[in-house]
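Here is the structure we will look at, set down as structure tokens.
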Amino acid sequence: MTQAQSAQKKAGLAEVWRFARDFWKRSGKRAWIALGYLLLASVVDGVSILMLIPLLGFASGGLDGTVINIPALSFLSGGTLKIGPALVFLAVLLVLQAWFQRLRSAHMGELLFDYVARERTSLFESLSRARWDVFSAIRTSDAEHALTTETDRVQGAGFCVLMLAQTLVLLAVYVASSFFVSVPMTAFACVVGVVVFAVLQPVRTQAMKHGARVGKNRKQMHGTISQLVDGMKIAKVLNVETQFTDRVKSIQAEARAQDREYVLATTNSTALFNVFAGLVLCVFVYAALEVFRLSLAETIVLLLLFTRIFSRFRELQTYIQQLLAVLPAVQAIASMRGELERCAESEEVQQPAWIGELAAPSVQLRNVTFAYSADSERAALKDVSFDMPAGKVTALIGESGAGKSTVAEILLGLQMPQAGEMLIGGRPLLVQEGRAWRNRVAYVPQDVFLFDDTVANNLRLAAPQASDEQIWSALKQAGADNFVRQMPRGLETEIGARGIRMSGGERQRIALARALIRKPALLILDEATSALDWRHQSLISETIMALRGDMTILTIAHRPSMIAFADHVVALHAGEVAESGAYAALTKLPQSRLSRMLSAESAAA
Ligand SMILES: Nc1ncnc2c1ncn2[C@@H]1O[C@H](COP(=O)(O)OP(=O)(O)OP(=O)(O)O)[C@@H](O)[C@H]1O
């Protein structure tokens with residue numbers, strides 16, 4: 001065995017032990033209760049097998065035969081038993097066994113359910129607590145995969161630990177029972193079981209490797225399939241659905257090849273176990289009858305116990321194998337959670353009085369430099385400084401990739417600049433005040449997110465205490481009240497997957513209403529009206545103009561209609577401020593970026 005193989009073997013079993021200990025500790029007393037019921041059921045099972053000896057004695061010696069040669073059972077009735085009481089006793093044992101097994105299964109089921117629910121919730125909590133820069137670097141499909149498929153595999157790991165505990169208990173009970181019949185024969189069965197278990201070590205090593213490969217493959221499959229489903233409309237338009245199907249087929253074929261390899265290895269191990277068991281059984285019968293001169297009844301019971309002992313060894317192998325195959329999922333989730341926890345935002349929402357009292361503050365960026373990652377070739381924002389006057393509307397313009405959305409993320413406190421600072425009402429915003437600041441900011445992005453829930457609940461996400469009147473008023477401000485009134489159940493209409501489907505423009509108006517209901521100090525509109533027709537755009541423009549003074553507003557837009565009402569304009573170019581000034585002043589300069597943008601738009605119109 002090479003050094004690497006030996007290290008892997010140790011790592012594998014050490015991981016099994018570590019996970020089992022951790023699982024047991026986390027499951028608390030419920031795991032012990034389940035094990036207690038299991039122990040009771042197993043002891044009853046062991047005794048009922050031993051009961052077969054007197055029963056077989058009756059069968060072979062006639063109904064008056066009563067003497068049994070087992071000291072362990074002599075306490076029952078001084079070593080003698082009649083058929084009637086023996087059968088009643090056996091029946092009671094069977095009922096008890098069934099009842100204990102039922103209690104054990106119920107406890108195990110609840111235990112596993114709670115375990116996986118805790119794992120999933122805690123991973124979700126870690127994701128939701130992570131800093132935005134860390135969260136946004138994770139692919140959506142990877143997060144979904146970890147929260148669904150991988151967490152289900154963790155449940156499988158918990159199940160294997162319970163089954164391993166059960167197998168060990170049963171093994172102990174059967175070994176103890178068969179010791180009462182014949183010590184040497186029991187020792188023989190145990191030695192054979194241990195030897196075969198040891199011989200199958202390479203299969204267990206393979207199981208762990210397979211588990212790691214499966215985790216990687218399934219993550220890739222999940223990511224690709226979710227991308228293909230998202231892109232189905234484009235596939236249809238381009239008439240390339242078959243290419244999509246081919247890609248699914250190819251990742252499926254890869255998964256199939258891996259699974260086949262694993263199934264072959266594991267079924268080989270089971271077959272090997274069974275062949276061994278068959279051969280050893282023959283030797284066993286010969287030794288019992290010819291060497292140890294046991295009675296027929298004792299030999300039959302020993303055989304029964306022997307097959308059970310051997311089956312337990314096979315189960316040990318199977319469950320350890322299965323556990324090793326799912327342990328990579330446990331490790332992947334633990335490392336993802338650890339990573340996220342290290343980058344968690346402070347949970348505490350420090351609510352400094354000055355933020356709570358803000359009405360429509362001035363907002364300034366001072367020499368802000370920001371790069372998405374330390375090794376990125378160029379910074380998304382370079383030494384950016386501009387002012388958003390208190391209670392006024394500032395328009396942020398610039399070509400695609402100029403850095404407008406990055407500015408929005410910094411203003412929202414989601415990203416912290418590597419250099420420079422943001423001043424709110426003249427005060428710098430500290431890292432730990434980011435969450436409190438977001439309570440006072442509303443944001444409407446281009447890609448609107450709405451829950452599959454009622455209209456009212458979508459708005460109450462931003463203001464849980466809002467009354468129906470307040471909701472209607474926000475909808476009216478956003479120009480959404482008319483179409484909501486026409487919906488079958490008004491505010492209580494389900495939207496999204498479970499309810500009616502809305503147009504892009506309608507969704508944007510609901511999202512705007514959700515932002516307005518918060519009565520924020522700063523409102524950020526990031527291409528928020530791109531899907532609206534001119535009539536609704538001008539309606540929203542009027543709403544925004546009316547909000548001037550109540551809040552400070554930043555509008556990121558390409559269309560003149562969403563800029564025309566701005567007091568102040570900032571133009572970005574390649575991450576730098578290229579121009580900044582009053583709207584009226586900039587429009588008077590024919591060479592200003594704003595004038596050129598407006599004239600290009602009107603020429604295109
Ligand atoms: N999550 C990210 N990770 C790495 N780079 C990013 C990320 N988001 C944006 N960038 C890069 O930062 C730069 C500025 O992007 P940003 O989205 O702020 O531009 P924008 O002006 O909003 O563009 P658009 O008008 O097309 O939305 C671009 O070069 C972009 O590639």
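Scheme for the structure tokens: letters A, B, ... for chains in order shown; per-chain residue numbers from 1; ligand numbers from 1 in order shown.
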Site check for ligand 1: residues at most 9 Å away, only C-alpha atoms and all ligand atoms, as a PyMOL selection string: chain A and resi 133+136-137+371-373+376+378-381+397-409+526-527+556-558+572-575
Secondary structure check, alpha helix (DSSP H) residues of range 294-452 of chain A, as JSON, numbers by chain: {"A": [296, 297, 298, 299, 300, 301, 302, 303, 304, 305, 306, 307, 308, 309, 310, 311, 312, 313, 314, 315, 316, 317, 318, 319, 320, 321, 322, 323, 324, 325, 326, 327, 328, 329, 330, 331, 332, 333, 334, 335, 336, 337, 338, 339, 340, 341, 342, 353, 354, 355, 356, 404, 405, 406, 407, 408, 409, 410, 411, 434, 435, 436, 437, 438]}
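Distances to Asp114 in chain A were evaluated for A:Ile300, A:Ala31, A:Leu289, A:Val194 using only C-alpha atoms, and the minimum falls at A:Ala31.
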Just want the 8 Å neighbourhood of range 421-434 of chain A, counted on only C-alpha atoms, with same-chain residues fewer than 4 positions away dropped. Output as a compact mmCIF listing (two decimals) with N, CA and C atoms, in the first residue's frame.
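Writing the result to around_19.txt gives the following:
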# COMPACT_ATOMS: atom_id res chain seq x y z
N SER A 346 -21.75 42.19 10.30
CA SER A 346 -22.13 42.25 11.70
C SER A 346 -23.66 42.13 11.78
N VAL A 349 -27.76 45.34 14.21
CA VAL A 349 -28.04 46.56 13.44
C VAL A 349 -27.86 47.72 14.41
N GLN A 350 -26.68 48.34 14.30
CA GLN A 350 -26.48 49.52 15.15
C GLN A 350 -27.33 50.63 14.55
N GLN A 351 -28.21 51.16 15.33
CA GLN A 351 -29.11 52.18 14.78
C GLN A 351 -28.74 53.52 15.39
N PRO A 352 -27.67 54.12 14.86
CA PRO A 352 -27.29 55.41 15.45
C PRO A 352 -28.40 56.42 15.24
N LEU A 358 -32.41 61.08 9.81
CA LEU A 358 -32.18 61.64 8.48
C LEU A 358 -33.49 61.80 7.71
N PRO A 361 -31.05 63.67 3.18
CA PRO A 361 -29.70 64.18 3.40
C PRO A 361 -28.93 64.42 2.10
N SER A 362 -27.90 65.24 2.22
CA SER A 362 -26.96 65.33 1.09
C SER A 362 -26.10 64.07 1.16
N VAL A 363 -25.68 63.56 0.00
CA VAL A 363 -24.82 62.37 -0.03
C VAL A 363 -23.62 62.71 -0.91
N GLN A 364 -22.45 62.41 -0.39
CA GLN A 364 -21.24 62.73 -1.17
C GLN A 364 -20.31 61.52 -1.23
N LEU A 365 -19.72 61.32 -2.39
CA LEU A 365 -18.63 60.35 -2.50
C LEU A 365 -17.35 61.16 -2.56
N ARG A 366 -16.38 60.77 -1.75
CA ARG A 366 -15.10 61.48 -1.70
C ARG A 366 -13.96 60.55 -2.08
N ASN A 367 -13.37 60.79 -3.24
CA ASN A 367 -12.19 60.03 -3.70
C ASN A 367 -12.36 58.53 -3.58
N VAL A 368 -13.51 58.05 -4.05
CA VAL A 368 -13.81 56.62 -3.91
C VAL A 368 -13.13 55.81 -5.01
N ALA A 390 -28.92 67.68 -1.02
CA ALA A 390 -30.02 67.23 -0.15
C ALA A 390 -31.38 67.47 -0.80
N LEU A 411 -23.44 53.28 -2.63
CA LEU A 411 -24.40 54.14 -1.93
C LEU A 411 -25.33 53.33 -1.02
N LEU A 412 -25.59 52.09 -1.43
CA LEU A 412 -26.46 51.22 -0.62
C LEU A 412 -25.71 50.62 0.58
N GLY A 413 -24.41 50.82 0.62
CA GLY A 413 -23.62 50.24 1.72
C GLY A 413 -23.40 48.76 1.52
N LEU A 414 -23.63 48.24 0.30
CA LEU A 414 -23.42 46.81 0.05
C LEU A 414 -21.95 46.54 -0.22
N MET A 416 -17.98 48.19 0.18
CA MET A 416 -17.19 49.25 0.84
C MET A 416 -16.01 49.60 -0.05
N PRO A 417 -15.80 50.87 -0.32
CA PRO A 417 -14.68 51.24 -1.19
C PRO A 417 -13.34 50.90 -0.55
N ARG A 438 -29.12 51.09 5.38
CA ARG A 438 -30.01 50.48 4.39
C ARG A 438 -31.48 50.52 4.82
Show me, as JSON lines, the residues of range 131-228 of chain A having an atom within 9 Å of range 264-286 of chain A, each with the closest atom pair and its distance in Å, using only C-alpha atoms.
{"residue": "A:Met185", "atom": "CA", "partner": "A:Phe284", "partner_atom": "CA", "distance": 7.6}
{"residue": "A:Phe188", "atom": "CA", "partner": "A:Phe284", "partner_atom": "CA", "distance": 8.4}
{"residue": "A:Ala189", "atom": "CA", "partner": "A:Phe284", "partner_atom": "CA", "distance": 8.3}
{"residue": "A:Val192", "atom": "CA", "partner": "A:Val280", "partner_atom": "CA", "distance": 8.0}
{"residue": "A:Gly193", "atom": "CA", "partner": "A:Ala277", "partner_atom": "CA", "distance": 8.8}
{"residue": "A:Val196", "atom": "CA", "partner": "A:Phe273", "partner_atom": "CA", "distance": 6.9}
{"residue": "A:Phe197", "atom": "CA", "partner": "A:Phe273", "partner_atom": "CA", "distance": 8.5}
{"residue": "A:Leu200", "atom": "CA", "partner": "A:Ser269", "partner_atom": "CA", "distance": 6.7}
{"residue": "A:Val203", "atom": "CA", "partner": "A:Ala265", "partner_atom": "CA", "distance": 6.4}
{"residue": "A:Arg204", "atom": "CA", "partner": "A:Thr266", "partner_atom": "CA", "distance": 8.7}
{"residue": "A:Gln206", "atom": "CA", "partner": "A:Ala265", "partner_atom": "CA", "distance": 8.0}
{"residue": "A:Ala207", "atom": "CA", "partner": "A:Thr266", "partner_atom": "CA", "distance": 8.2}
Coordinates-based distance that separates CA of Ile524 in chain A from CA of Glu506 in chain A (Å, one decimal): 18.6 Å
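Between CA of Ala419 in chain A and CA of Phe370 in chain A the interatomic distance comes to 7.0 Å.
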